[in-house]
file query06.cif (mmCIF, C-alpha atoms and all ligand atoms)
data_input
#
loop_
_atom_site.label_atom_id
_atom_site.label_comp_id
_atom_site.auth_asym_id
_atom_site.auth_seq_id
_atom_site.Cartn_x
_atom_site.Cartn_y
_atom_site.Cartn_z
CA MET A 1 -78.93 217.05 29.73
CA ALA A 2 -76.98 215.28 32.47
CA SER A 3 -73.61 216.89 32.95
CA ALA A 4 -70.41 215.15 33.91
CA PRO A 5 -69.85 214.95 37.64
CA VAL A 6 -67.95 217.95 38.92
CA ALA A 7 -65.49 217.16 41.66
CA ALA A 8 -65.42 219.44 44.68
CA ALA A 9 -62.46 219.81 46.98
CA SER A 10 -62.40 218.44 50.50
CA THR A 11 -65.52 219.42 52.42
CA ALA A 12 -63.31 220.66 55.23
CA GLU A 13 -61.76 223.28 52.96
CA THR A 14 -64.37 224.28 50.43
CA ALA A 15 -67.96 225.37 50.74
CA VAL A 16 -70.27 222.52 49.81
CA VAL A 17 -72.41 223.59 46.83
CA TRP A 18 -75.75 222.20 48.04
CA GLN A 19 -75.12 223.60 51.53
CA GLN A 20 -74.67 227.08 50.07
CA MET A 21 -77.86 226.50 48.08
CA ILE A 22 -79.74 225.67 51.30
CA ARG A 23 -78.39 228.82 52.92
CA THR A 24 -79.66 230.82 49.95
CA SER A 25 -83.06 229.05 50.13
CA LEU A 26 -83.30 229.85 53.85
CA GLN A 27 -82.54 233.49 53.05
CA LYS A 28 -85.13 233.62 50.24
CA ASN A 29 -87.78 232.04 52.50
CA LYS A 30 -86.90 233.81 55.73
CA ARG A 31 -90.32 235.50 56.02
CA LEU A 32 -91.78 231.99 56.53
CA PRO A 33 -90.86 230.63 59.99
CA TYR A 34 -91.99 227.18 58.87
CA SER A 35 -89.34 227.05 56.16
CA LYS A 36 -87.15 225.54 58.90
CA TYR A 37 -89.57 222.63 59.38
CA VAL A 38 -88.41 219.48 57.61
CA GLN A 39 -89.76 215.96 57.41
CA ILE A 40 -87.34 213.28 58.50
CA ALA A 41 -87.97 209.62 57.76
CA THR A 42 -86.34 206.78 59.68
CA VAL A 43 -86.76 203.01 59.52
CA ARG A 44 -88.83 201.24 62.14
CA GLU A 45 -87.53 198.02 63.60
CA ASN A 46 -90.03 196.10 61.42
CA GLY A 47 -88.46 197.66 58.30
CA ARG A 48 -91.34 200.02 57.62
CA PRO A 49 -90.89 203.80 57.36
CA ALA A 50 -91.60 206.37 60.06
CA ASN A 51 -91.81 210.04 59.21
CA ARG A 52 -92.30 213.23 61.21
CA THR A 53 -91.68 216.98 61.21
CA VAL A 54 -88.72 218.47 63.09
CA VAL A 55 -87.10 221.90 63.19
CA PHE A 56 -83.75 222.45 61.48
CA ARG A 57 -81.35 223.84 64.15
CA GLY A 58 -78.45 224.75 61.90
CA PHE A 59 -75.33 223.10 60.54
CA LEU A 60 -72.87 221.54 62.98
CA TRP A 61 -69.89 223.91 63.32
CA ASP A 62 -68.28 224.38 59.88
CA THR A 63 -69.45 221.01 58.55
CA GLU A 64 -72.32 220.13 56.21
CA LYS A 65 -73.97 218.02 58.94
CA LEU A 66 -77.50 219.08 59.86
CA THR A 67 -78.66 219.31 63.46
CA PHE A 68 -82.03 218.82 65.10
CA VAL A 69 -83.08 218.24 68.68
CA THR A 70 -85.38 215.62 70.09
CA ASP A 71 -86.53 213.81 73.18
CA THR A 72 -84.27 210.86 73.99
CA ARG A 73 -87.38 208.86 74.89
CA SER A 74 -89.00 209.34 71.45
CA SER A 75 -89.35 206.52 68.92
CA LYS A 76 -86.98 208.08 66.39
CA VAL A 77 -84.08 207.71 68.86
CA GLN A 78 -84.63 203.96 69.22
CA GLU A 79 -85.11 203.66 65.45
CA ALA A 80 -81.87 205.52 64.72
CA ALA A 81 -79.98 203.37 67.23
CA ALA A 82 -81.13 200.21 65.43
CA ASN A 83 -80.73 201.64 61.92
CA PRO A 84 -79.08 205.06 61.42
CA TRP A 85 -80.25 205.59 57.81
CA CYS A 86 -82.66 208.44 57.28
CA GLU A 87 -83.93 210.88 54.68
CA VAL A 88 -85.02 214.46 55.13
CA SER A 89 -87.47 216.11 52.76
CA TRP A 90 -87.37 219.90 52.91
CA TYR A 91 -89.62 222.16 50.85
CA PHE A 92 -89.17 225.92 50.56
CA PRO A 93 -92.56 227.39 49.54
CA ASP A 94 -91.45 230.85 48.40
CA SER A 95 -88.62 229.68 46.16
CA ARG A 96 -90.44 226.39 45.32
CA GLU A 97 -87.40 224.21 45.93
CA GLN A 98 -87.12 220.75 47.46
CA TYR A 99 -84.06 219.13 49.01
CA ARG A 100 -84.02 215.43 49.86
CA ILE A 101 -81.09 214.73 52.11
CA HIS A 102 -80.09 211.13 52.64
CA GLY A 103 -77.57 210.07 55.25
CA SER A 104 -77.02 208.62 58.69
CA LEU A 105 -78.08 209.83 62.10
CA SER A 106 -76.11 210.14 65.31
CA ILE A 107 -77.91 210.84 68.56
CA ILE A 108 -75.90 212.87 71.05
CA GLN A 109 -77.30 212.05 74.46
CA GLN A 110 -76.31 212.90 78.01
CA ASN A 111 -72.73 211.81 78.86
CA HIS A 112 -71.70 211.55 75.21
CA ALA A 113 -68.04 210.49 75.05
CA ASN A 114 -66.99 213.08 72.45
CA GLU A 115 -66.40 216.31 74.36
CA LYS A 116 -66.95 218.60 71.36
CA LEU A 117 -70.28 216.96 70.52
CA ALA A 118 -71.27 217.02 74.19
CA LYS A 119 -70.66 220.80 74.12
CA ALA A 120 -72.71 221.13 70.92
CA ARG A 121 -75.59 219.44 72.77
CA VAL A 122 -75.32 222.00 75.59
CA SER A 123 -75.28 224.88 73.06
CA ALA A 124 -78.39 223.47 71.38
CA TRP A 125 -80.11 223.35 74.79
CA LYS A 126 -79.19 226.98 75.48
CA ASN A 127 -80.46 228.04 72.04
CA MET A 128 -83.96 226.63 72.69
CA SER A 129 -86.82 228.84 73.84
CA ASP A 130 -87.90 228.41 77.48
CA GLY A 131 -91.11 226.77 76.27
CA GLY A 132 -89.20 224.37 74.03
CA ARG A 133 -86.86 223.36 76.86
CA THR A 134 -89.75 222.75 79.26
CA GLN A 135 -91.25 220.12 76.94
CA PHE A 136 -88.34 217.84 77.81
CA ALA A 137 -89.72 217.63 81.38
CA TRP A 138 -93.09 216.43 80.12
CA PRO A 139 -94.13 212.77 80.59
CA GLN A 140 -92.70 210.23 78.15
CA PRO A 141 -93.82 210.99 74.58
CA GLY A 142 -95.89 208.32 72.87
CA LEU A 143 -97.22 206.66 76.04
CA PRO A 144 -100.96 206.59 76.77
CA ARG A 145 -102.20 209.65 78.64
CA PRO A 146 -103.91 208.25 81.74
CA GLU A 147 -106.02 211.33 82.46
CA PRO A 148 -106.43 213.48 79.32
CA GLU A 149 -108.28 216.19 81.29
CA ASP A 150 -105.35 216.63 83.70
CA LYS A 151 -103.13 219.39 82.28
CA SER A 152 -100.79 219.47 85.30
CA PRO A 153 -98.03 217.23 83.82
CA TYR A 154 -97.54 219.90 81.10
CA ASP A 155 -98.05 222.95 83.27
CA LEU A 156 -94.48 223.14 84.55
CA PRO A 157 -92.21 226.05 85.47
CA ALA A 158 -90.27 227.25 82.42
CA LEU A 159 -86.74 225.92 82.04
CA THR A 160 -84.22 228.65 81.19
CA ALA A 161 -80.84 228.49 79.47
CA GLU A 162 -79.24 228.43 82.93
CA ASP A 163 -81.07 225.25 83.95
CA PRO A 164 -79.08 222.03 83.62
CA VAL A 165 -79.58 220.20 80.33
CA SER A 166 -82.44 217.72 80.67
CA ALA A 167 -81.39 214.08 80.52
CA ASN A 168 -84.22 213.71 77.99
CA PHE A 169 -82.62 216.19 75.60
CA SER A 170 -80.73 214.83 72.59
CA LEU A 171 -78.93 216.57 69.78
CA VAL A 172 -79.54 214.79 66.47
CA VAL A 173 -76.82 215.01 63.82
CA LEU A 174 -77.48 214.04 60.20
CA ASP A 175 -74.34 213.24 58.21
CA PRO A 176 -75.44 213.57 54.55
CA LEU A 177 -74.28 211.24 51.77
CA GLU A 178 -76.68 212.21 48.96
CA VAL A 179 -78.70 215.33 48.27
CA ASP A 180 -81.41 215.50 45.61
CA TYR A 181 -82.35 219.07 44.69
CA LEU A 182 -85.43 220.05 42.69
CA SER A 183 -86.39 223.55 41.58
CA LEU A 184 -89.98 223.74 40.41
CA LYS A 185 -89.46 227.26 39.08
CA GLY A 186 -86.49 226.32 36.93
CA ASN A 187 -87.37 222.66 36.21
CA ILE A 188 -83.89 221.86 37.46
CA ARG A 189 -82.95 218.72 39.33
CA LYS A 190 -79.48 217.97 40.61
CA GLN A 191 -77.96 215.06 42.48
CA PHE A 192 -75.06 215.57 44.84
CA GLN A 193 -73.17 212.55 46.06
CA LYS A 194 -70.41 212.29 48.61
CA GLN A 195 -67.33 210.18 48.06
CA GLU A 196 -65.94 209.48 51.50
CA GLY A 197 -62.26 210.20 51.87
CA GLY A 198 -61.77 208.69 55.34
CA ASP A 199 -60.97 210.65 58.52
CA GLY A 200 -64.26 212.51 58.19
CA THR A 201 -63.36 214.22 54.91
CA GLY A 202 -64.93 213.67 51.52
CA SER A 203 -65.70 215.28 48.20
CA TRP A 204 -69.05 215.95 46.57
CA SER A 205 -69.96 215.30 42.94
CA GLU A 206 -72.79 217.18 41.24
CA THR A 207 -74.86 215.82 38.36
CA GLU A 208 -77.79 217.49 36.66
CA ILE A 209 -80.60 215.00 36.01
CA ASN A 210 -84.05 215.11 34.46
CA PRO A 211 -86.62 216.60 36.82
C1 LIG B 301 -94.07 222.05 63.29
C2 LIG B 301 -93.54 220.90 64.10
C3 LIG B 301 -92.25 220.97 64.60
C4 LIG B 301 -91.73 219.92 65.35
N1 LIG B 301 -90.44 219.98 65.79
C5 LIG B 301 -89.91 218.91 66.43
C6 LIG B 301 -88.53 218.91 66.78
O1 LIG B 301 -87.76 219.85 66.52
N2 LIG B 301 -88.05 217.80 67.40
C7 LIG B 301 -88.84 216.73 67.68
O2 LIG B 301 -88.34 215.76 68.22
N3 LIG B 301 -90.15 216.71 67.38
C8 LIG B 301 -90.70 217.78 66.74
N4 LIG B 301 -92.02 217.75 66.40
C9 LIG B 301 -92.85 216.60 66.80
C10 LIG B 301 -92.57 215.42 65.84
O3 LIG B 301 -93.16 215.68 64.58
C11 LIG B 301 -93.05 214.08 66.41
O4 LIG B 301 -94.45 214.14 66.67
C12 LIG B 301 -92.33 213.70 67.70
O5 LIG B 301 -90.95 214.04 67.63
C13 LIG B 301 -92.46 212.20 67.97
O6 LIG B 301 -91.93 211.49 66.87
P1 LIG B 301 -91.40 209.99 66.97
O7 LIG B 301 -92.35 209.26 67.89
O8 LIG B 301 -91.43 209.47 65.58
O9 LIG B 301 -90.01 210.01 67.55
C14 LIG B 301 -92.55 218.80 65.65
C15 LIG B 301 -93.84 218.75 65.14
C16 LIG B 301 -94.33 219.77 64.38
C17 LIG B 301 -95.73 219.65 63.85
#
call {"tool": "encode", "arguments": {"input": "query06.cif", "output": "structure tokens"}}
result
Amino acid sequence: MASAPVAAASTAETAVVWQQMIRTSLQKNKRLPYSKYVQIATVRENGRPANRTVVFRGFLWDTEKLTFVTDTRSSKVQEAAANPWCEVSWYFPDSREQYRIHGSLSIIQQNHANEKLAKARVSAWKNMSDGGRTQFAWPQPGLPRPEPEDKSPYDLPALTAEDPVSANFSLVVLDPLEVDYLSLKGNIRKQFQKQEGGDGTGSWSETEINP
């Protein structure tokens, strides 16, 4: 039975229910490294969907915004610039739960005007593995590979946390507006919706719906 929406207090002050649920899901699935892989769909400039796997890099500070990293030269960056709407689909195999997180994307590139976000980008760079950082020095993703046998463009010296942040490195921030939760074990489905309060605050409603 659908329950009446339950108002939550300002997201700045109170833990967001679905965010706590994701933390619990991450804990329950922590033996599976791939439980941090999510699929994120964007909208291509021709209006058709584009979807790909990315790694969840944690919540931004004490907010409910999700972070990812990507190559500034990749298609998703151009797509998000033209149309910021996106949806993440995230399945946790051990607990058999799915979260669909709908919201808007911001891409934090080199020389971002907001100092705090610029620092978050640097932290994300430092948190990468050396191998992960080095990929940002590879040739432009998505372009034809002129000589597939030539491995030298990818055989580069490892970039460490002390190396300057690559200009190709972007922090991706997803600001959620709706979260659809499904538990296959419990046959439970819940919808969480954000009512924006201005100045970055908002409150979340929670409604149980038919699975
Ligand atoms: C397991 C896995 C993890 C991945 N993690 C990331 C990631 O964190 N960031 C990223 O940009 N691409 C990641 N990729 C590559 C993307 O799925 C995609 O191929 C690439 O970002 C280009 O996508 P685009 O052309 O739509 O921008 C990952 C792929 C796999 C299979």
call {"tool": "residues_near_ligand", "arguments": {"input": "query06.cif", "ligand": "ligand LIG 301 (chain B)", "cutoff": "7 Å", "atoms": "all atoms listed in the file", "output": "count of residues only"}}
result
18
call {"tool": "atom_distance", "arguments": {"input": "query06.cif", "atom1": "atom CA of A:Leu184", "atom2": "atom CA of A:Lys65"}}
result
25.1 Å
call {"tool": "atom_distance", "arguments": {"input": "query06.cif", "atom1": "atom CA of A:Pro157", "atom2": "atom CA of A:Arg133"}}
result
10.5 Å
call {"tool": "atom_distance", "arguments": {"input": "query06.cif", "atom1": "atom CA of A:Leu182", "atom2": "atom CA of A:Tyr91"}}
result
9.4 Å
call {"tool": "closest_atom_pairs", "arguments": {"input": "query06.cif", "of": "stretch 112-158 of chain A", "to": "stretch 165-177 of chain A", "cutoff": "8 Å", "atoms": "only C-alpha atoms", "output": "Markdown table"}}
result
| residue | atom | partner | partner_atom | distance |
| --- | --- | --- | --- | --- |
| A:Ala120 | CA | A:Leu171 | CA | 7.8 |
| A:Arg121 | CA | A:Leu171 | CA | 5.3 |
| A:Val122 | CA | A:Val165 | CA | 6.6 |
| A:Ala124 | CA | A:Leu171 | CA | 7.1 |
| A:Trp125 | CA | A:Val165 | CA | 6.4 |
| A:Phe136 | CA | A:Asn168 | CA | 5.8 |
| A:Ala137 | CA | A:Ser166 | CA | 7.3 |
call {"tool": "closest_residue", "arguments": {"input": "query06.cif", "among": "A:Asn210, A:Arg100, A:Glu178, A:Met21", "to": "A:Val38", "atoms": "only C-alpha atoms"}}
result
A:Arg100
call {"tool": "closest_residue", "arguments": {"input": "query06.cif", "among": "A:Ile40, A:Ile188, A:Leu60, A:Leu159", "to": "A:Arg96", "atoms": "all atoms listed in the file"}}
result
A:Ile188
call {"tool": "closest_residue", "arguments": {"input": "query06.cif", "among": "A:Thr201, A:Ser106, A:Asn127, A:Asn46", "to": "A:Gly58", "atoms": "all atoms listed in the file"}}
result
A:Asn127
call {"tool": "residues_around", "arguments": {"input": "query06.cif", "residues": "A:Arg189", "least_positions_apart": "2", "cutoff": "9 Å", "atoms": "all atoms listed in the file", "output": "ChimeraX atom specification"}}
result
/A:180-184,186-187,191,207-211
call {"tool": "closest_residue", "arguments": {"input": "query06.cif", "among": "A:Arg73, A:Arg44, A:His102, A:Lys116", "to": "A:Leu143", "atoms": "only C-alpha atoms"}}
result
A:Arg73
call {"tool": "closest_residue", "arguments": {"input": "query06.cif", "among": "A:Asp155, A:Asp94, A:Asp199, A:Glu115", "to": "A:Arg31", "atoms": "all atoms listed in the file"}}
result
A:Asp94
call {"tool": "closest_residue", "arguments": {"input": "query06.cif", "among": "A:Asp150, A:Val43, A:Leu66, A:Ile108", "to": "A:Pro84", "atoms": "all atoms listed in the file"}}
result
A:Val43
call {"tool": "decode", "arguments": {"input": "query06.cif", "residues": "stretch 126-152 of chain A", "atoms": "N, CA and C atoms", "output": "JSON list (two decimals), in the first residue's frame"}}
result
[["chain", "number", "residue", "atom", "x", "y", "z"],
["A", 126, "LYS", "N", 43.88, 12.92, -6.48],
["A", 126, "LYS", "CA", 44.83, 12.30, -5.55],
["A", 126, "LYS", "C", 44.33, 10.92, -5.09],
["A", 127, "ASN", "N", 43.02, 10.75, -5.04],
["A", 127, "ASN", "CA", 42.45, 9.46, -4.58],
["A", 127, "ASN", "C", 42.49, 8.36, -5.64],
["A", 128, "MET", "N", 42.82, 8.72, -6.89],
["A", 128, "MET", "CA", 42.89, 7.70, -7.95],
["A", 128, "MET", "C", 44.13, 6.83, -7.75],
["A", 129, "SER", "N", 44.10, 5.64, -8.34],
["A", 129, "SER", "CA", 45.32, 4.81, -8.39],
["A", 129, "SER", "C", 46.24, 5.42, -9.45],
["A", 130, "ASP", "N", 47.53, 5.07, -9.38],
["A", 130, "ASP", "CA", 48.47, 5.58, -10.39],
["A", 130, "ASP", "C", 48.02, 5.19, -11.80],
["A", 131, "GLY", "N", 47.58, 3.94, -11.92],
["A", 131, "GLY", "CA", 47.13, 3.45, -13.23],
["A", 131, "GLY", "C", 45.94, 4.23, -13.74],
["A", 132, "GLY", "N", 45.01, 4.51, -12.83],
["A", 132, "GLY", "CA", 43.81, 5.28, -13.21],
["A", 132, "GLY", "C", 44.17, 6.69, -13.66],
["A", 133, "ARG", "N", 45.09, 7.32, -12.94],
["A", 133, "ARG", "CA", 45.51, 8.68, -13.31],
["A", 133, "ARG", "C", 46.17, 8.70, -14.68],
["A", 134, "THR", "N", 46.98, 7.67, -14.95],
["A", 134, "THR", "CA", 47.76, 7.66, -16.19],
["A", 134, "THR", "C", 46.85, 7.62, -17.42],
["A", 135, "GLN", "N", 45.67, 7.03, -17.27],
["A", 135, "GLN", "CA", 44.75, 6.93, -18.42],
["A", 135, "GLN", "C", 44.35, 8.30, -18.96],
["A", 136, "PHE", "N", 44.46, 9.32, -18.10],
["A", 136, "PHE", "CA", 44.08, 10.66, -18.56],
["A", 136, "PHE", "C", 45.11, 11.26, -19.51],
["A", 137, "ALA", "N", 46.29, 10.61, -19.60],
["A", 137, "ALA", "CA", 47.32, 11.06, -20.55],
["A", 137, "ALA", "C", 47.24, 10.28, -21.86],
["A", 138, "TRP", "N", 46.30, 9.34, -21.93],
["A", 138, "TRP", "CA", 46.16, 8.57, -23.16],
["A", 138, "TRP", "C", 45.57, 9.45, -24.28],
["A", 139, "PRO", "N", 45.67, 8.98, -25.53],
["A", 139, "PRO", "CA", 45.06, 9.77, -26.63],
["A", 139, "PRO", "C", 43.56, 9.93, -26.43],
["A", 140, "GLN", "N", 42.98, 10.85, -27.16],
["A", 140, "GLN", "CA", 41.57, 11.21, -26.95],
["A", 140, "GLN", "C", 40.64, 10.02, -27.09],
["A", 141, "PRO", "N", 39.84, 9.74, -26.02],
["A", 141, "PRO", "CA", 38.93, 8.60, -26.09],
["A", 141, "PRO", "C", 37.91, 8.77, -27.21],
["A", 142, "GLY", "N", 37.58, 7.66, -27.84],
["A", 142, "GLY", "CA", 36.51, 7.68, -28.86],
["A", 142, "GLY", "C", 36.99, 7.97, -30.26],
["A", 143, "LEU", "N", 38.25, 8.43, -30.41],
["A", 143, "LEU", "CA", 38.75, 8.69, -31.77],
["A", 143, "LEU", "C", 39.31, 7.40, -32.37],
["A", 144, "PRO", "N", 39.33, 7.30, -33.70],
["A", 144, "PRO", "CA", 39.90, 6.10, -34.32],
["A", 144, "PRO", "C", 41.36, 5.91, -33.90],
["A", 145, "ARG", "N", 41.74, 4.65, -33.76],
["A", 145, "ARG", "CA", 43.10, 4.31, -33.35],
["A", 145, "ARG", "C", 43.90, 4.05, -34.62],
["A", 146, "PRO", "N", 44.82, 4.98, -34.97],
["A", 146, "PRO", "CA", 45.45, 4.87, -36.29],
["A", 146, "PRO", "C", 46.25, 3.59, -36.47],
["A", 147, "GLU", "N", 46.96, 3.18, -35.39],
["A", 147, "GLU", "CA", 47.77, 1.97, -35.51],
["A", 147, "GLU", "C", 47.47, 1.06, -34.32],
["A", 148, "PRO", "N", 46.45, 0.19, -34.44],
["A", 148, "PRO", "CA", 46.03, -0.63, -33.30],
["A", 148, "PRO", "C", 47.15, -1.47, -32.70],
["A", 149, "GLU", "N", 48.15, -1.83, -33.50],
["A", 149, "GLU", "CA", 49.25, -2.67, -32.98],
["A", 149, "GLU", "C", 50.21, -1.86, -32.10],
["A", 150, "ASP", "N", 50.20, -0.55, -32.25],
["A", 150, "ASP", "CA", 51.15, 0.30, -31.53],
["A", 150, "ASP", "C", 50.63, 0.57, -30.12],
["A", 151, "LYS", "N", 51.29, -0.03, -29.13],
["A", 151, "LYS", "CA", 50.83, 0.11, -27.73],
["A", 151, "LYS", "C", 51.47, 1.34, -27.05],
["A", 152, "SER", "N", 52.40, 1.98, -27.75],
["A", 152, "SER", "CA", 53.19, 3.03, -27.08],
["A", 152, "SER", "C", 52.35, 4.21, -26.55]]
